[in-house]
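One file, query-v6.csv, carrying CSV, C-alpha atoms:
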chain,number,residue,atom,x,y,z
A,82,MET,CA,25.9,30.0,26.7
A,83,MET,CA,24.1,29.9,23.4
A,84,THR,CA,20.3,30.3,23.2
A,85,VAL,CA,18.3,27.8,21.2
A,86,LEU,CA,17.8,30.5,18.5
A,87,GLN,CA,21.6,31.1,18.3
A,88,MET,CA,22.2,27.4,18.1
A,89,PHE,CA,19.7,27.1,15.2
A,90,GLU,CA,21.4,30.1,13.5
A,91,TRP,CA,24.8,28.4,13.8
A,92,LEU,CA,23.3,25.1,12.6
A,93,GLU,CA,21.8,26.8,9.5
A,94,ALA,CA,25.2,28.3,8.7
A,95,THR,CA,27.1,25.0,8.8
A,96,PRO,CA,28.2,23.5,5.5
A,97,LEU,CA,25.5,20.8,6.0
A,98,GLY,CA,22.8,23.5,6.4
A,99,VAL,CA,24.0,25.4,3.3
A,100,LEU,CA,24.2,22.1,1.3
A,101,VAL,CA,20.6,21.1,2.1
A,102,ARG,CA,19.3,24.6,1.3
A,103,GLU,CA,21.2,25.2,-1.9
A,104,SER,CA,21.3,21.7,-3.5
A,105,ALA,CA,18.7,21.2,-6.2
A,106,TRP,CA,18.0,17.6,-5.2
A,107,GLY,CA,19.1,17.5,-1.6
A,108,PHE,CA,15.8,18.8,-0.2
A,109,PRO,CA,13.4,16.5,-2.1
A,110,ILE,CA,15.6,13.4,-1.5
A,111,LEU,CA,15.8,14.2,2.2
A,112,VAL,CA,12.1,14.7,2.5
A,113,ALA,CA,11.4,11.5,0.7
A,114,CYS,CA,13.8,9.6,3.0
A,115,HIS,CA,12.1,11.3,6.0
A,116,ILE,CA,8.6,10.2,4.9
A,117,MET,CA,9.8,6.7,4.1
A,118,GLY,CA,11.5,6.5,7.5
A,119,ILE,CA,8.2,7.6,9.2
A,120,MET,CA,6.2,5.0,7.3
A,121,LEU,CA,8.7,2.2,8.3
A,122,SER,CA,9.0,3.2,11.9
A,123,VAL,CA,5.5,4.4,12.9
A,124,GLY,CA,3.9,2.0,10.4
A,125,THR,CA,5.4,-1.0,12.3
A,126,LEU,CA,5.3,0.6,15.8
A,127,VAL,CA,1.5,1.0,15.5
A,128,TRP,CA,1.1,-2.8,15.4
A,129,PHE,CA,3.0,-3.3,18.6
A,130,ASP,CA,0.9,-0.5,20.2
A,131,LEU,CA,-2.3,-2.2,19.0
A,132,ARG,CA,-1.0,-5.4,20.7
A,133,LEU,CA,-0.4,-3.5,23.9
A,134,LEU,CA,-4.0,-2.2,23.6
A,135,GLY,CA,-5.2,-5.7,23.2
A,136,VAL,CA,-7.0,-5.0,20.0
A,137,SER,CA,-4.9,-6.8,17.4
A,138,MET,CA,-2.8,-9.9,17.0
A,139,THR,CA,-3.6,-10.9,20.6
A,140,GLY,CA,-2.5,-14.5,19.9
A,141,VAL,CA,1.1,-13.4,19.5
A,142,ARG,CA,3.2,-12.9,22.7
A,143,ALA,CA,3.8,-9.1,23.2
A,144,SER,CA,7.6,-9.7,23.8
A,145,LEU,CA,7.9,-11.7,20.6
A,146,MET,CA,6.0,-9.0,18.7
A,147,TYR,CA,8.4,-6.4,20.0
A,148,ARG,CA,11.5,-8.5,19.2
A,149,ARG,CA,10.4,-9.2,15.6
A,150,LEU,CA,9.2,-5.6,14.8
A,151,MET,CA,12.1,-3.8,16.6
A,152,PRO,CA,14.7,-4.0,13.8
A,153,TRP,CA,12.2,-2.5,11.3
A,154,MET,CA,11.1,0.2,13.8
A,155,PHE,CA,14.6,1.2,14.7
A,156,THR,CA,15.8,1.2,11.1
A,157,GLY,CA,12.9,3.5,10.3
A,158,PHE,CA,13.6,5.7,13.3
A,159,ALA,CA,17.3,6.0,12.3
A,160,ILE,CA,16.4,7.1,8.7
A,161,MET,CA,13.8,9.5,10.1
A,162,PHE,CA,16.0,11.1,12.7
A,163,VAL,CA,19.1,11.5,10.4
A,164,SER,CA,17.1,13.0,7.5
A,165,GLY,CA,15.0,15.1,10.0
A,166,PHE,CA,18.2,16.5,11.5
A,167,MET,CA,19.6,17.3,8.1
A,168,LEU,CA,16.3,19.0,7.0
A,169,LEU,CA,16.4,21.0,10.3
A,170,ALA,CA,20.0,22.1,9.6
A,171,GLY,CA,18.8,23.6,6.3
A,172,PHE,CA,15.9,25.5,7.6
A,173,ALA,CA,16.5,25.8,11.4
A,174,THR,CA,15.5,29.5,11.9
A,175,ASN,CA,12.3,29.0,9.9
A,176,ALA,CA,11.5,26.0,12.0
A,177,TYR,CA,12.3,27.8,15.3
A,178,GLY,CA,9.3,30.2,15.0
A,179,ASN,CA,6.9,27.6,13.6
A,180,VAL,CA,4.2,26.4,16.0
A,181,TYR,CA,3.9,23.0,14.3
A,182,PHE,CA,7.6,22.4,14.7
A,183,ARG,CA,7.2,23.0,18.5
A,184,ILE,CA,4.2,20.7,18.7
A,185,LYS,CA,6.2,18.0,16.8
A,186,ILE,CA,9.2,18.3,19.2
A,187,ILE,CA,6.9,18.2,22.3
A,188,ALA,CA,5.2,15.1,20.9
A,189,MET,CA,8.5,13.4,20.2
A,190,VAL,CA,9.7,14.1,23.7
A,191,LEU,CA,6.4,12.7,25.1
A,192,ALA,CA,6.9,9.6,22.8
A,193,ALA,CA,10.4,9.2,24.3
A,194,VAL,CA,9.2,9.6,27.9
A,195,ASN,CA,6.4,7.1,27.2
A,196,ALA,CA,8.8,4.5,25.8
A,197,VAL,CA,11.3,4.9,28.7
A,198,LEU,CA,8.5,4.5,31.3
A,199,TYR,CA,7.1,1.4,29.4
A,200,HIS,CA,10.6,-0.3,29.2
A,201,ARG,CA,11.6,0.6,32.8
A,202,PHE,CA,8.4,-0.3,34.6
A,203,THR,CA,5.6,-2.0,32.6
A,204,GLU,CA,7.9,-4.3,30.5
A,205,ARG,CA,9.7,-5.5,33.7
A,206,ARG,CA,6.6,-7.5,34.6
A,207,ILE,CA,5.9,-8.7,31.1
A,208,VAL,CA,6.1,-12.4,32.1
A,209,GLN,CA,2.9,-11.9,34.0
A,210,TRP,CA,0.9,-10.7,31.0
A,211,ASP,CA,3.0,-11.7,27.9
A,212,ASP,CA,0.5,-14.3,26.7
A,213,ALA,CA,-2.6,-12.4,27.9
A,214,PRO,CA,-4.9,-11.2,25.1
A,215,GLY,CA,-5.7,-8.2,27.3
A,216,PRO,CA,-2.6,-6.6,28.7
A,217,PRO,CA,-2.7,-4.6,32.0
A,218,THR,CA,-3.9,-1.0,32.1
A,219,ALA,CA,-0.3,0.4,32.2
A,220,ALA,CA,0.6,-1.4,29.0
A,221,ARG,CA,-2.7,-0.2,27.3
A,222,VAL,CA,-2.0,3.4,28.4
A,223,ALA,CA,1.5,3.1,26.9
A,224,GLY,CA,0.1,1.8,23.6
A,225,LEU,CA,-2.6,4.5,23.4
A,226,VAL,CA,-0.1,7.3,24.3
A,227,SER,CA,2.4,6.0,21.7
A,228,ILE,CA,-0.2,5.9,18.9
A,229,SER,CA,-1.5,9.4,19.8
A,230,VAL,CA,1.9,11.1,20.0
A,231,TRP,CA,3.3,9.6,16.8
A,232,MET,CA,0.1,10.5,14.9
A,233,THR,CA,0.6,14.1,16.3
A,234,VAL,CA,4.2,14.0,15.1
A,235,ILE,CA,3.1,13.1,11.5
A,236,LEU,CA,0.3,15.6,11.5
A,237,ALA,CA,2.4,18.5,12.8
A,238,GLY,CA,5.3,17.5,10.6
A,239,ARG,CA,3.2,17.7,7.4
A,240,MET,CA,1.7,21.0,8.6
A,241,MET,CA,5.2,22.4,8.8
A,242,SER,CA,5.6,22.1,5.0
A,243,TYR,CA,2.6,24.3,4.5
A,244,THR,CA,3.4,27.0,7.1
A,245,MET,CA,7.2,27.3,7.2
A,246,PHE,CA,8.1,28.6,3.7
B,151,MET,CA,-13.4,12.6,-18.4
B,152,ALA,CA,-11.9,16.0,-19.0
B,153,ALA,CA,-15.4,17.6,-18.5
B,154,PHE,CA,-15.8,15.7,-15.3
B,155,PHE,CA,-12.5,17.0,-14.0
B,156,VAL,CA,-13.5,20.6,-14.9
B,157,TRP,CA,-16.8,20.1,-13.1
B,158,LEU,CA,-14.9,18.6,-10.1
B,159,GLU,CA,-12.7,21.7,-9.9
B,160,GLY,CA,-15.7,23.9,-9.7
B,161,THR,CA,-17.4,22.1,-6.7
B,162,ARG,CA,-17.7,23.8,-3.4
B,163,ALA,CA,-15.3,21.3,-1.8
B,164,ALA,CA,-12.6,21.9,-4.4
B,165,ILE,CA,-12.9,25.7,-4.0
B,166,ALA,CA,-12.7,25.5,-0.2
B,167,VAL,CA,-9.6,23.4,-0.4
B,168,ARG,CA,-8.0,25.6,-3.1
B,169,ASP,CA,-8.7,28.8,-1.1
B,170,SER,CA,-7.3,27.5,2.2
B,171,LEU,CA,-3.6,26.6,2.6
B,172,LEU,CA,-4.3,25.4,6.1
B,173,LEU,CA,-7.1,23.1,5.0
B,174,THR,CA,-4.9,21.7,2.2
B,175,GLY,CA,-2.1,21.2,4.8
B,176,ALA,CA,-4.5,19.5,7.3
B,177,LEU,CA,-5.9,17.2,4.5
B,178,SER,CA,-2.4,16.3,3.4
B,179,ALA,CA,-1.4,15.6,7.0
B,180,VAL,CA,-4.4,13.2,7.5
B,181,HIS,CA,-3.6,11.7,4.1
B,182,LEU,CA,-0.1,10.8,5.3
B,183,VAL,CA,-1.5,9.4,8.6
B,184,GLY,CA,-3.8,7.1,6.5
B,185,PHE,CA,-1.0,6.1,4.2
B,186,THR,CA,1.3,5.3,7.2
B,187,LEU,CA,-1.4,2.9,8.5
B,188,THR,CA,-1.7,1.4,5.1
B,189,THR,CA,2.1,0.9,4.5
B,190,GLY,CA,2.5,-0.4,8.1
B,191,GLY,CA,-0.2,-3.1,7.5
B,192,ALA,CA,1.3,-3.9,4.2
B,193,LEU,CA,4.8,-4.2,5.6
B,194,VAL,CA,3.7,-6.5,8.4
B,195,ALA,CA,1.6,-8.7,6.1
B,196,ASN,CA,4.3,-9.0,3.4
B,197,LEU,CA,7.3,-9.4,5.8
B,198,ASN,CA,5.4,-12.2,7.5
B,199,LEU,CA,4.9,-14.0,4.1
B,200,LEU,CA,8.6,-13.6,3.5
B,201,GLY,CA,9.1,-15.5,6.7
B,202,VAL,CA,10.9,-12.9,8.8
B,203,LEU,CA,8.2,-12.0,11.4
B,204,PHE,CA,6.2,-14.9,12.8
B,205,PRO,CA,7.2,-18.0,10.7
B,206,GLY,CA,5.6,-20.5,13.2
B,207,ARG,CA,2.1,-19.0,12.9
B,208,PRO,CA,-0.5,-19.5,10.2
B,209,PRO,CA,0.0,-16.5,7.8
B,210,LEU,CA,-3.7,-15.7,7.9
B,211,ASP,CA,-3.3,-14.8,11.7
B,212,VAL,CA,-1.2,-11.8,10.5
B,213,THR,CA,-2.7,-11.1,7.1
B,214,ARG,CA,-6.3,-10.8,8.5
B,215,PRO,CA,-5.6,-8.0,11.0
B,216,ALA,CA,-3.0,-6.4,8.7
B,217,SER,CA,-5.6,-6.3,5.9
B,218,ARG,CA,-8.0,-4.5,8.3
B,219,GLY,CA,-5.3,-1.9,9.0
B,220,ILE,CA,-4.7,-1.5,5.2
B,221,ALA,CA,-8.4,-1.0,4.6
B,222,ILE,CA,-8.7,1.6,7.4
B,223,GLY,CA,-5.6,3.5,6.2
B,224,LEU,CA,-6.8,3.4,2.5
B,225,THR,CA,-10.2,4.7,3.5
B,226,ILE,CA,-8.6,7.7,5.2
B,227,SER,CA,-6.2,8.2,2.4
B,228,ALA,CA,-8.8,7.9,-0.3
B,229,LEU,CA,-11.2,10.4,1.3
B,230,THR,CA,-8.5,13.0,1.9
B,231,GLY,CA,-6.8,12.2,-1.4
B,232,ALA,CA,-10.1,12.9,-3.3
B,233,LEU,CA,-10.4,16.2,-1.6
B,234,LEU,CA,-6.8,17.1,-2.4
B,235,PHE,CA,-7.2,16.0,-6.0
B,236,ALA,CA,-10.5,17.9,-6.6
B,237,PRO,CA,-9.0,21.5,-6.9
B,238,ARG,CA,-6.2,20.3,-9.3
B,239,ALA,CA,-8.0,17.5,-11.1
B,240,THR,CA,-7.2,18.7,-14.6
B,241,VAL,CA,-3.5,19.2,-14.0
B,242,ALA,CA,-3.0,16.2,-11.7
B,243,SER,CA,-4.8,13.7,-14.0
B,244,VAL,CA,-2.2,14.3,-16.8
B,245,ASN,CA,0.7,14.3,-14.4
B,246,GLY,CA,3.0,11.3,-15.1
B,247,ILE,CA,4.0,10.7,-11.5
B,248,PHE,CA,0.4,10.9,-10.3
B,249,GLN,CA,-0.6,8.3,-13.0
B,250,VAL,CA,2.2,6.0,-11.9
B,251,LYS,CA,1.0,6.5,-8.3
B,252,MET,CA,-2.6,5.5,-9.1
B,253,LEU,CA,-1.4,2.5,-11.2
B,254,LEU,CA,0.8,1.2,-8.4
B,255,LEU,CA,-2.1,1.8,-5.9
B,256,ALA,CA,-4.5,-0.3,-8.1
B,257,ALA,CA,-1.8,-3.0,-8.6
B,258,ALA,CA,-0.9,-3.1,-4.9
B,259,VAL,CA,-4.5,-3.4,-3.7
B,260,LEU,CA,-5.6,-5.9,-6.4
B,261,PHE,CA,-2.5,-8.0,-5.6
B,262,HIS,CA,-3.2,-7.9,-1.9
B,263,VAL,CA,-6.9,-8.8,-2.3
B,264,PHE,CA,-6.6,-11.5,-5.0
B,265,VAL,CA,-3.1,-13.0,-4.5
B,266,HIS,CA,-1.7,-12.2,-1.1
B,267,GLN,CA,-4.9,-13.1,0.8
B,268,ARG,CA,-5.4,-16.3,-1.2
B,269,ILE,CA,-1.8,-17.4,-0.6
B,270,ALA,CA,-2.1,-16.6,3.1
B,271,ARG,CA,-5.1,-19.0,3.5
B,272,THR,CA,-3.8,-21.8,1.2
B,273,ALA,CA,-1.2,-24.4,1.8
B,274,VAL,CA,1.5,-23.5,-0.7
B,275,SER,CA,5.2,-24.0,-0.9
B,276,ALA,CA,7.5,-21.7,1.2
B,277,SER,CA,9.1,-20.3,-2.0
B,278,MET,CA,5.6,-19.4,-3.4
B,279,ARG,CA,4.8,-17.6,-0.1
B,280,ARG,CA,8.1,-15.8,0.0
B,281,GLY,CA,7.7,-14.7,-3.7
B,282,THR,CA,4.2,-13.3,-2.9
B,283,GLY,CA,5.6,-11.4,0.0
B,284,ALA,CA,8.4,-10.0,-2.1
B,285,VAL,CA,6.1,-8.8,-4.9
B,286,GLY,CA,3.7,-7.3,-2.4
B,287,LEU,CA,6.6,-5.4,-0.7
B,288,LEU,CA,7.9,-4.1,-4.0
B,289,LEU,CA,4.4,-2.9,-5.0
B,290,TRP,CA,3.7,-1.1,-1.7
B,291,THR,CA,7.3,0.4,-1.6
B,292,GLY,CA,6.9,1.6,-5.1
B,293,LEU,CA,3.6,3.2,-4.2
B,294,ALA,CA,5.2,5.0,-1.2
B,295,LEU,CA,8.1,6.3,-3.4
B,296,ALA,CA,5.6,7.5,-6.1
B,297,GLY,CA,3.6,9.2,-3.4
B,298,CYS,CA,6.8,11.0,-2.1
B,299,ALA,CA,7.8,11.9,-5.7
B,300,TYR,CA,4.4,13.4,-6.4
B,301,ILE,CA,4.5,15.5,-3.2
B,302,LEU,CA,7.9,16.8,-4.0
B,303,LEU,CA,8.0,17.1,-7.8
B,304,GLU,CA,4.4,18.1,-8.6
Once you've parsed the file, please lay out its structure as structure tokens.
Amino acid sequence: MMTVLQMFEWLEATPLGVLVRESAWGFPILVACHIMGIMLSVGTLVWFDLRLLGVSMTGVRASLMYRRLMPWMFTGFAIMFVSGFMLLAGFATNAYGNVYFRIKIIAMVLAAVNAVLYHRFTERRIVQWDDAPGPPTAARVAGLVSISVWMTVILAGRMMSYTMF
Amino acid sequence: MAAFFVWLEGTRAAIAVRDSLLLTGALSAVHLVGFTLTTGGALVANLNLLGVLFPGRPPLDVTRPASRGIAIGLTISALTGALLFAPRATVASVNGIFQVKMLLLAAAVLFHVFVHQRIARTAVSASMRRGTGAVGLLLWTGLALAGCAYILLE
């Protein structure tokens, strides 16, 4: 069975990894797509999180807010993940030893766990608090955790650029 | 102006940023967080004027909180941006991409304050509202692209 490092070495040696590393415009275009994806996804997600916290747009039903923002969030996440994976392919072994890369991955896992917990448990009872300006504690915690971990992802991701190369 | 930029580059803050890669990275990271808040607010406000988010609600219900988000994000970005600009003021001020970025920033902010907010609080035709949302989206997207270009091609 391959270790994570061996997997990253393999990934870096794939044609995709070589293309990202050696192409003159591949890297800047991918980074630009990655940043635009983050702005679209996290930039819109923050507004749903603020609604969960009960601090903004409290007159809009939480479920409606999610439904209307979801296509923009998911489009942004798709752009961010595809471009992020391609960037990782180009510089996987550099990223492997980078502390900010590890922080970023941990924060993304926490974001995923937080989203799953919210959708499996808190959202199931949304009819009870959908219209309420102040959502229940579980929803507020989900919003606060989401904002915190996604800000951590951005901070750690940007720090990678200054510490990896 | 050139003398001011030379003075700026010699300030303690500029030297501290220039001498520390980690400080530069941290400032750049916080700059991006601020800009994400700004673009998020701008997206929500302009998509709403376009009629794709909450068409049944008065536009000001969305524009008002979104404008607060834009203001908070811009404050964070401006403070960190000024510190990032200080050590490279002379070079950055004549950089074409940086100049485009600053022009788009001024245009996007002025358009939001003097046109978008006025349209959001006035009874205007749907096409006027959608047009305002489209122009706002173009300006903020252009600013984001110019920001990316400056980071990568500087």
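Distance check against chain B using all atoms listed in the file: of A:Met117, A:Ile207, A:Ile186, A:Ala192, the minimum falls on A:Met117.
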_Contact set, chain B to chain A: 7 Å, only C-alpha atoms, as a PyMOL selection string_ = chain B and resi 171+175-176+179-180+183+186-187+189-190+194+203+212+215+298+302
_For a quick check of understanding, using only C-alpha atoms, which of A:Val208, A:Leu134, A:Ala159, A:Ala105 has the smallest distance to A:Leu225?_
A:Leu134
_Counting all atoms listed in the file, the option among A:Val222, A:Val230, A:Leu97, A:Met245 closest to A:Leu133_ = A:Val222
Counting all atoms listed in the file, which residues of stretch 165-209 of chain B sit at most 12 Å from some atom of stretch 231-248 of chain B, and what is each one's closest atom pair with its distance in Å to one decimal, listed by chain and rising residue number, as CSV?
residue,atom,partner,partner_atom,distance
B:Ile165,CA,B:Pro237,CA,6.4
B:Ala166,CA,B:Pro237,CA,8.6
B:Val167,CA,B:Pro237,CA,6.8
B:Arg168,CA,B:Pro237,CA,5.7
B:Asp169,CA,B:Pro237,CA,9.3
B:Ser170,CA,B:Pro237,CA,11.0
B:Leu171,CA,B:Leu234,CA,11.2
B:Leu173,CA,B:Leu234,CA,9.5
B:Thr174,CA,B:Leu234,CA,6.8
B:Gly175,CA,B:Leu234,CA,9.5
B:Ala176,CA,B:Leu234,CA,10.3
B:Leu177,CA,B:Leu234,CA,7.0
B:Ser178,CA,B:Leu234,CA,7.3
B:Ala179,CA,B:Gly231,CA,10.5
B:Val180,CA,B:Gly231,CA,9.3
B:His181,CA,B:Gly231,CA,6.4
B:Leu182,CA,B:Gly231,CA,9.6
B:Val183,CA,B:Gly231,CA,11.7
B:Gly184,CA,B:Gly231,CA,9.9
B:Phe185,CA,B:Gly231,CA,10.1
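Our summary of the geometry notes that atom CA of B:Trp290 is positioned 15.0 Å from atom CA of B:Gln267.
Among the candidates B:Ala270, B:Ala228, B:Ala164, B:Met278, the residue lying nearest to B:Arg207 is B:Ala270 (atoms considered: only C-alpha atoms).
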Draw an axis-aligned box tight on the listed atoms of stretch 271-285 of chain B, then pad every side by 6 Å and write out centre and edge lengths in Å to one decimal as AutoDock Vina command-line options.
--center_x 2.0 --center_y -16.6 --center_z -0.7 --size_x 26.2 --size_y 27.6 --size_z 20.4
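Among the candidates A:Ala170, A:Tyr181, A:Leu86, A:Ala193, the one nearest to A:Glu103 when counting all atoms listed in the file is A:Ala170.
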*Å distance separating atom CA of B:Thr213 from atom CA of B:Ala195, one decimal place*: 5.0 Å
